[in-house]
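So this block is start-v4.pdb, PDB, N, CA and C atoms, pLDDT in the B column:
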ATOM      1  N   MET A   1      59.567  34.817 147.807  1.00 90.00           N
ATOM      2  CA  MET A   1      60.927  35.115 148.124  1.00 90.00           C
ATOM      3  C   MET A   1      61.605  35.588 146.843  1.00 90.00           C
ATOM      4  N   TYR A   2      62.372  36.645 146.974  1.00 95.00           N
ATOM      5  CA  TYR A   2      63.131  37.170 145.850  1.00 95.00           C
ATOM      6  C   TYR A   2      64.607  36.986 146.138  1.00 95.00           C
ATOM      7  N   THR A   3      65.318  36.361 145.192  1.00 96.00           N
ATOM      8  CA  THR A   3      66.740  36.102 145.356  1.00 96.00           C
ATOM      9  C   THR A   3      67.489  36.571 144.118  1.00 96.00           C
ATOM     10  N   ALA A   4      68.810  36.722 144.269  1.00 96.00           N
ATOM     11  CA  ALA A   4      69.675  37.055 143.137  1.00 96.00           C
ATOM     12  C   ALA A   4      70.937  36.229 143.262  1.00 96.00           C
ATOM     13  N   LYS A   5      71.358  35.656 142.144  1.00 96.00           N
ATOM     14  CA  LYS A   5      72.605  34.900 142.132  1.00 96.00           C
ATOM     15  C   LYS A   5      73.635  35.722 141.375  1.00 96.00           C
ATOM     16  N   LEU A   6      74.689  36.105 142.081  1.00 94.00           N
ATOM     17  CA  LEU A   6      75.781  36.848 141.479  1.00 94.00           C
ATOM     18  C   LEU A   6      77.026  35.978 141.601  1.00 94.00           C
ATOM     19  N   GLY A   7      77.515  35.518 140.485  1.00 91.00           N
ATOM     20  CA  GLY A   7      78.623  34.567 140.523  1.00 91.00           C
ATOM     21  C   GLY A   7      78.156  33.299 141.193  1.00 91.00           C
ATOM     22  N   ASP A   8      78.874  32.887 142.235  1.00 91.00           N
ATOM     23  CA  ASP A   8      78.465  31.687 142.972  1.00 91.00           C
ATOM     24  C   ASP A   8      77.836  32.034 144.325  1.00 91.00           C
ATOM     25  N   VAL A   9      77.434  33.292 144.479  1.00 94.00           N
ATOM     26  CA  VAL A   9      76.842  33.772 145.734  1.00 94.00           C
ATOM     27  C   VAL A   9      75.356  34.043 145.512  1.00 94.00           C
ATOM     28  N   ILE A  10      74.530  33.577 146.443  1.00 96.00           N
ATOM     29  CA  ILE A  10      73.087  33.822 146.370  1.00 96.00           C
ATOM     30  C   ILE A  10      72.697  34.793 147.477  1.00 96.00           C
ATOM     31  N   PHE A  11      72.028  35.858 147.081  1.00 96.00           N
ATOM     32  CA  PHE A  11      71.540  36.869 148.022  1.00 96.00           C
ATOM     33  C   PHE A  11      70.024  36.746 148.123  1.00 96.00           C
ATOM     34  N   VAL A  12      69.500  36.759 149.333  1.00 96.00           N
ATOM     35  CA  VAL A  12      68.054  36.829 149.536  1.00 96.00           C
ATOM     36  C   VAL A  12      67.726  38.313 149.657  1.00 96.00           C
ATOM     37  N   LEU A  13      66.950  38.806 148.703  1.00 97.00           N
ATOM     38  CA  LEU A  13      66.640  40.233 148.662  1.00 97.00           C
ATOM     39  C   LEU A  13      65.395  40.582 149.465  1.00 97.00           C
ATOM     40  N   HIS A  14      64.427  39.678 149.472  1.00 95.00           N
ATOM     41  CA  HIS A  14      63.168  39.988 150.158  1.00 95.00           C
ATOM     42  C   HIS A  14      62.363  38.706 150.322  1.00 95.00           C
ATOM     43  N   ALA A  15      61.700  38.587 151.440  1.00 92.00           N
ATOM     44  CA  ALA A  15      60.804  37.462 151.689  1.00 92.00           C
ATOM     45  C   ALA A  15      59.602  37.979 152.464  1.00 92.00           C
ATOM     46  N   PHE A  16      58.433  37.497 152.099  1.00 84.00           N
ATOM     47  CA  PHE A  16      57.225  37.923 152.792  1.00 84.00           C
ATOM     48  C   PHE A  16      56.136  36.882 152.603  1.00 84.00           C
ATOM     49  N   LYS A  17      55.153  36.961 153.442  1.00 81.00           N
ATOM     50  CA  LYS A  17      53.996  36.080 153.334  1.00 81.00           C
ATOM     51  C   LYS A  17      52.878  36.877 152.686  1.00 81.00           C
ATOM     52  N   LYS A  18      52.385  36.384 151.591  1.00 75.00           N
ATOM     53  CA  LYS A  18      51.301  37.067 150.897  1.00 75.00           C
ATOM     54  C   LYS A  18      50.032  36.942 151.724  1.00 75.00           C
ATOM     55  N   LYS A  19      49.430  38.078 152.020  1.00 76.00           N
ATOM     56  CA  LYS A  19      48.228  38.090 152.846  1.00 76.00           C
ATOM     57  C   LYS A  19      46.969  38.368 152.033  1.00 76.00           C
ATOM     58  N   SER A  20      47.123  39.121 150.957  1.00 73.00           N
ATOM     59  CA  SER A  20      45.972  39.508 150.159  1.00 73.00           C
ATOM     60  C   SER A  20      45.429  38.333 149.368  1.00 73.00           C
ATOM     61  N   LYS A  21      44.128  38.213 149.321  1.00 72.00           N
ATOM     62  CA  LYS A  21      43.502  37.174 148.515  1.00 72.00           C
ATOM     63  C   LYS A  21      43.107  37.724 147.150  1.00 72.00           C
ATOM     64  N   LYS A  22      43.277  39.043 146.980  1.00 75.00           N
ATOM     65  CA  LYS A  22      42.955  39.690 145.710  1.00 75.00           C
ATOM     66  C   LYS A  22      44.261  40.009 144.985  1.00 75.00           C
ATOM     67  N   GLY A  23      44.278  39.769 143.709  1.00 76.00           N
ATOM     68  CA  GLY A  23      45.426  40.141 142.887  1.00 76.00           C
ATOM     69  C   GLY A  23      46.649  39.289 143.158  1.00 76.00           C
ATOM     70  N   ILE A  24      47.555  39.276 142.203  1.00 77.00           N
ATOM     71  CA  ILE A  24      48.775  38.494 142.351  1.00 77.00           C
ATOM     72  C   ILE A  24      50.017  39.370 142.258  1.00 77.00           C
ATOM     73  N   GLU A  25      49.816  40.653 142.028  1.00 81.00           N
ATOM     74  CA  GLU A  25      50.929  41.564 141.817  1.00 81.00           C
ATOM     75  C   GLU A  25      51.597  41.921 143.145  1.00 81.00           C
ATOM     76  N   THR A  26      52.926  41.944 143.136  1.00 83.00           N
ATOM     77  CA  THR A  26      53.687  42.363 144.308  1.00 83.00           C
ATOM     78  C   THR A  26      53.525  43.874 144.471  1.00 83.00           C
ATOM     79  N   PRO A  27      53.250  44.360 145.678  1.00 84.00           N
ATOM     80  CA  PRO A  27      53.078  45.798 145.893  1.00 84.00           C
ATOM     81  C   PRO A  27      54.307  46.603 145.463  1.00 84.00           C
ATOM     82  N   LYS A  28      54.068  47.815 144.961  1.00 90.00           N
ATOM     83  CA  LYS A  28      55.155  48.664 144.463  1.00 90.00           C
ATOM     84  C   LYS A  28      56.177  48.983 145.546  1.00 90.00           C
ATOM     85  N   THR A  29      55.741  49.111 146.787  1.00 91.00           N
ATOM     86  CA  THR A  29      56.702  49.397 147.860  1.00 91.00           C
ATOM     87  C   THR A  29      57.687  48.238 148.025  1.00 91.00           C
ATOM     88  N   ASP A  30      57.188  47.014 147.878  1.00 91.00           N
ATOM     89  CA  ASP A  30      58.069  45.847 147.962  1.00 91.00           C
ATOM     90  C   ASP A  30      59.021  45.796 146.771  1.00 91.00           C
ATOM     91  N   ILE A  31      58.523  46.117 145.582  1.00 93.00           N
ATOM     92  CA  ILE A  31      59.365  46.114 144.376  1.00 93.00           C
ATOM     93  C   ILE A  31      60.493  47.130 144.525  1.00 93.00           C
ATOM     94  N   GLU A  32      60.178  48.315 145.030  1.00 96.00           N
ATOM     95  CA  GLU A  32      61.212  49.340 145.218  1.00 96.00           C
ATOM     96  C   GLU A  32      62.261  48.881 146.234  1.00 96.00           C
ATOM     97  N   LEU A  33      61.828  48.240 147.295  1.00 96.00           N
ATOM     98  CA  LEU A  33      62.749  47.715 148.298  1.00 96.00           C
ATOM     99  C   LEU A  33      63.644  46.635 147.694  1.00 96.00           C
ATOM    100  N   ILE A  34      63.087  45.772 146.874  1.00 96.00           N
ATOM    101  CA  ILE A  34      63.858  44.719 146.218  1.00 96.00           C
ATOM    102  C   ILE A  34      64.903  45.325 145.289  1.00 96.00           C
ATOM    103  N   LYS A  35      64.530  46.335 144.524  1.00 97.00           N
ATOM    104  CA  LYS A  35      65.477  46.999 143.616  1.00 97.00           C
ATOM    105  C   LYS A  35      66.629  47.629 144.398  1.00 97.00           C
ATOM    106  N   LYS A  36      66.298  48.265 145.519  1.00 98.00           N
ATOM    107  CA  LYS A  36      67.332  48.886 146.356  1.00 98.00           C
ATOM    108  C   LYS A  36      68.287  47.824 146.899  1.00 98.00           C
ATOM    109  N   ARG A  37      67.737  46.724 147.370  1.00 97.00           N
ATOM    110  CA  ARG A  37      68.567  45.654 147.924  1.00 97.00           C
ATOM    111  C   ARG A  37      69.410  44.979 146.851  1.00 97.00           C
ATOM    112  N   LEU A  38      68.901  44.901 145.622  1.00 97.00           N
ATOM    113  CA  LEU A  38      69.691  44.325 144.535  1.00 97.00           C
ATOM    114  C   LEU A  38      70.912  45.193 144.249  1.00 97.00           C
ATOM    115  N   LYS A  39      70.723  46.502 144.234  1.00 98.00           N
ATOM    116  CA  LYS A  39      71.865  47.410 144.038  1.00 98.00           C
ATOM    117  C   LYS A  39      72.894  47.217 145.141  1.00 98.00           C
ATOM    118  N   GLU A  40      72.423  47.102 146.381  1.00 97.00           N
ATOM    119  CA  GLU A  40      73.332  46.893 147.508  1.00 97.00           C
ATOM    120  C   GLU A  40      74.049  45.546 147.393  1.00 97.00           C
ATOM    121  N   ALA A  41      73.328  44.513 146.961  1.00 96.00           N
ATOM    122  CA  ALA A  41      73.930  43.185 146.803  1.00 96.00           C
ATOM    123  C   ALA A  41      75.029  43.221 145.744  1.00 96.00           C
ATOM    124  N   LYS A  42      74.799  43.962 144.672  1.00 96.00           N
ATOM    125  CA  LYS A  42      75.822  44.086 143.625  1.00 96.00           C
ATOM    126  C   LYS A  42      77.075  44.761 144.161  1.00 96.00           C
ATOM    127  N   LEU A  43      76.892  45.791 144.978  1.00 96.00           N
ATOM    128  CA  LEU A  43      78.050  46.472 145.574  1.00 96.00           C
ATOM    129  C   LEU A  43      78.810  45.547 146.515  1.00 96.00           C
ATOM    130  N   ILE A  44      78.087  44.803 147.323  1.00 94.00           N
ATOM    131  CA  ILE A  44      78.728  43.855 148.248  1.00 94.00           C
ATOM    132  C   ILE A  44      79.466  42.784 147.464  1.00 94.00           C
ATOM    133  N   TYR A  45      78.849  42.277 146.416  1.00 95.00           N
ATOM    134  CA  TYR A  45      79.485  41.238 145.608  1.00 95.00           C
ATOM    135  C   TYR A  45      80.774  41.764 144.990  1.00 95.00           C
ATOM    136  N   GLU A  46      80.722  42.953 144.433  1.00 94.00           N
ATOM    137  CA  GLU A  46      81.918  43.548 143.807  1.00 94.00           C
ATOM    138  C   GLU A  46      83.035  43.727 144.844  1.00 94.00           C
ATOM    139  N   ALA A  47      82.678  44.152 146.042  1.00 93.00           N
ATOM    140  CA  ALA A  47      83.681  44.434 147.071  1.00 93.00           C
ATOM    141  C   ALA A  47      84.257  43.168 147.708  1.00 93.00           C
ATOM    142  N   LYS A  48      83.417  42.162 147.928  1.00 91.00           N
ATOM    143  CA  LYS A  48      83.862  41.000 148.718  1.00 91.00           C
ATOM    144  C   LYS A  48      84.149  39.745 147.912  1.00 91.00           C
ATOM    145  N   TYR A  49      83.390  39.498 146.865  1.00 85.00           N
ATOM    146  CA  TYR A  49      83.414  38.179 146.261  1.00 85.00           C
ATOM    147  C   TYR A  49      83.955  38.125 144.825  1.00 85.00           C
ATOM    148  N   LYS A  50      84.005  39.235 144.140  1.00 78.00           N
ATOM    149  CA  LYS A  50      84.341  39.220 142.713  1.00 78.00           C
ATOM    150  C   LYS A  50      85.736  38.649 142.444  1.00 78.00           C
ATOM    151  N   ASN A  51      86.708  38.947 143.279  1.00 76.00           N
ATOM    152  CA  ASN A  51      88.092  38.547 143.015  1.00 76.00           C
ATOM    153  C   ASN A  51      88.500  37.263 143.716  1.00 76.00           C
ATOM    154  N   ARG A  52      87.582  36.396 143.972  1.00 68.00           N
ATOM    155  CA  ARG A  52      87.906  35.122 144.614  1.00 68.00           C
ATOM    156  C   ARG A  52      88.702  34.236 143.708  1.00 68.00           C
TER     157      ARG A  52
END
Encoded form using structure tokens:
Amino acid sequence: MYTAKLGDVIFVLHAFKKKSKKGIETPKTDIELIKKRLKEAKLIYEAKYKNR
């Protein structure tokens, strides 16, 4: 599970069940999705939660 804490808000960016028994590296497609969701979480945080 990948999460980000911005201020006092926690965003879950991605969760998955690892199926591969080889390697420990997260697939690049998942990393790109996580990066995209982090950018979106930052925008949401700025718009909704920053001025609390």
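Residues surrounding A:Leu38 within 12 Å are A:Tyr2, A:Thr3, A:Ala4, A:Lys5, A:Leu6, A:Ile10, A:Phe11, A:Val12, A:Leu13, A:His14, A:Ile31, A:Glu32, A:Leu33, A:Ile34, A:Lys35, A:Ala41, A:Lys42, A:Leu43, A:Ile44, A:Tyr45 [only C-alpha atoms; sequence separation below 3 positions excluded].
Here atom CA of A:Lys36 and atom CA of A:Met1 stand 15.3 Å from one another.
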All alpha helix (DSSP H) positions in chain A, as a PyMOL selection string:
chain A and resi 28-44
Keeping only N, CA and C atoms, write the selected residues as a compact mmCIF listing (two decimals), keeping the file's coordinate frame.
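After the write, part.txt holds the following:
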# COMPACT_ATOMS: atom_id res chain seq x y z
N LYS A 28 54.07 47.82 144.96
CA LYS A 28 55.16 48.66 144.46
C LYS A 28 56.18 48.98 145.55
N THR A 29 55.74 49.11 146.79
CA THR A 29 56.70 49.40 147.86
C THR A 29 57.69 48.24 148.02
N ASP A 30 57.19 47.01 147.88
CA ASP A 30 58.07 45.85 147.96
C ASP A 30 59.02 45.80 146.77
N ILE A 31 58.52 46.12 145.58
CA ILE A 31 59.36 46.11 144.38
C ILE A 31 60.49 47.13 144.52
N GLU A 32 60.18 48.32 145.03
CA GLU A 32 61.21 49.34 145.22
C GLU A 32 62.26 48.88 146.23
N LEU A 33 61.83 48.24 147.29
CA LEU A 33 62.75 47.72 148.30
C LEU A 33 63.64 46.64 147.69
N ILE A 34 63.09 45.77 146.87
CA ILE A 34 63.86 44.72 146.22
C ILE A 34 64.90 45.32 145.29
N LYS A 35 64.53 46.34 144.52
CA LYS A 35 65.48 47.00 143.62
C LYS A 35 66.63 47.63 144.40
N LYS A 36 66.30 48.26 145.52
CA LYS A 36 67.33 48.89 146.36
C LYS A 36 68.29 47.82 146.90
N ARG A 37 67.74 46.72 147.37
CA ARG A 37 68.57 45.65 147.92
C ARG A 37 69.41 44.98 146.85
N LEU A 38 68.90 44.90 145.62
CA LEU A 38 69.69 44.32 144.54
C LEU A 38 70.91 45.19 144.25
N LYS A 39 70.72 46.50 144.23
CA LYS A 39 71.86 47.41 144.04
C LYS A 39 72.89 47.22 145.14
N GLU A 40 72.42 47.10 146.38
CA GLU A 40 73.33 46.89 147.51
C GLU A 40 74.05 45.55 147.39
N ALA A 41 73.33 44.51 146.96
CA ALA A 41 73.93 43.18 146.80
C ALA A 41 75.03 43.22 145.74
N LYS A 42 74.80 43.96 144.67
CA LYS A 42 75.82 44.09 143.62
C LYS A 42 77.08 44.76 144.16
N LEU A 43 76.89 45.79 144.98
CA LEU A 43 78.05 46.47 145.57
C LEU A 43 78.81 45.55 146.51
N ILE A 44 78.09 44.80 147.32
CA ILE A 44 78.73 43.86 148.25
C ILE A 44 79.47 42.78 147.46
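Relative to atom C of A:Tyr49, atom N of A:Asp8 is found at 7.7 Å.
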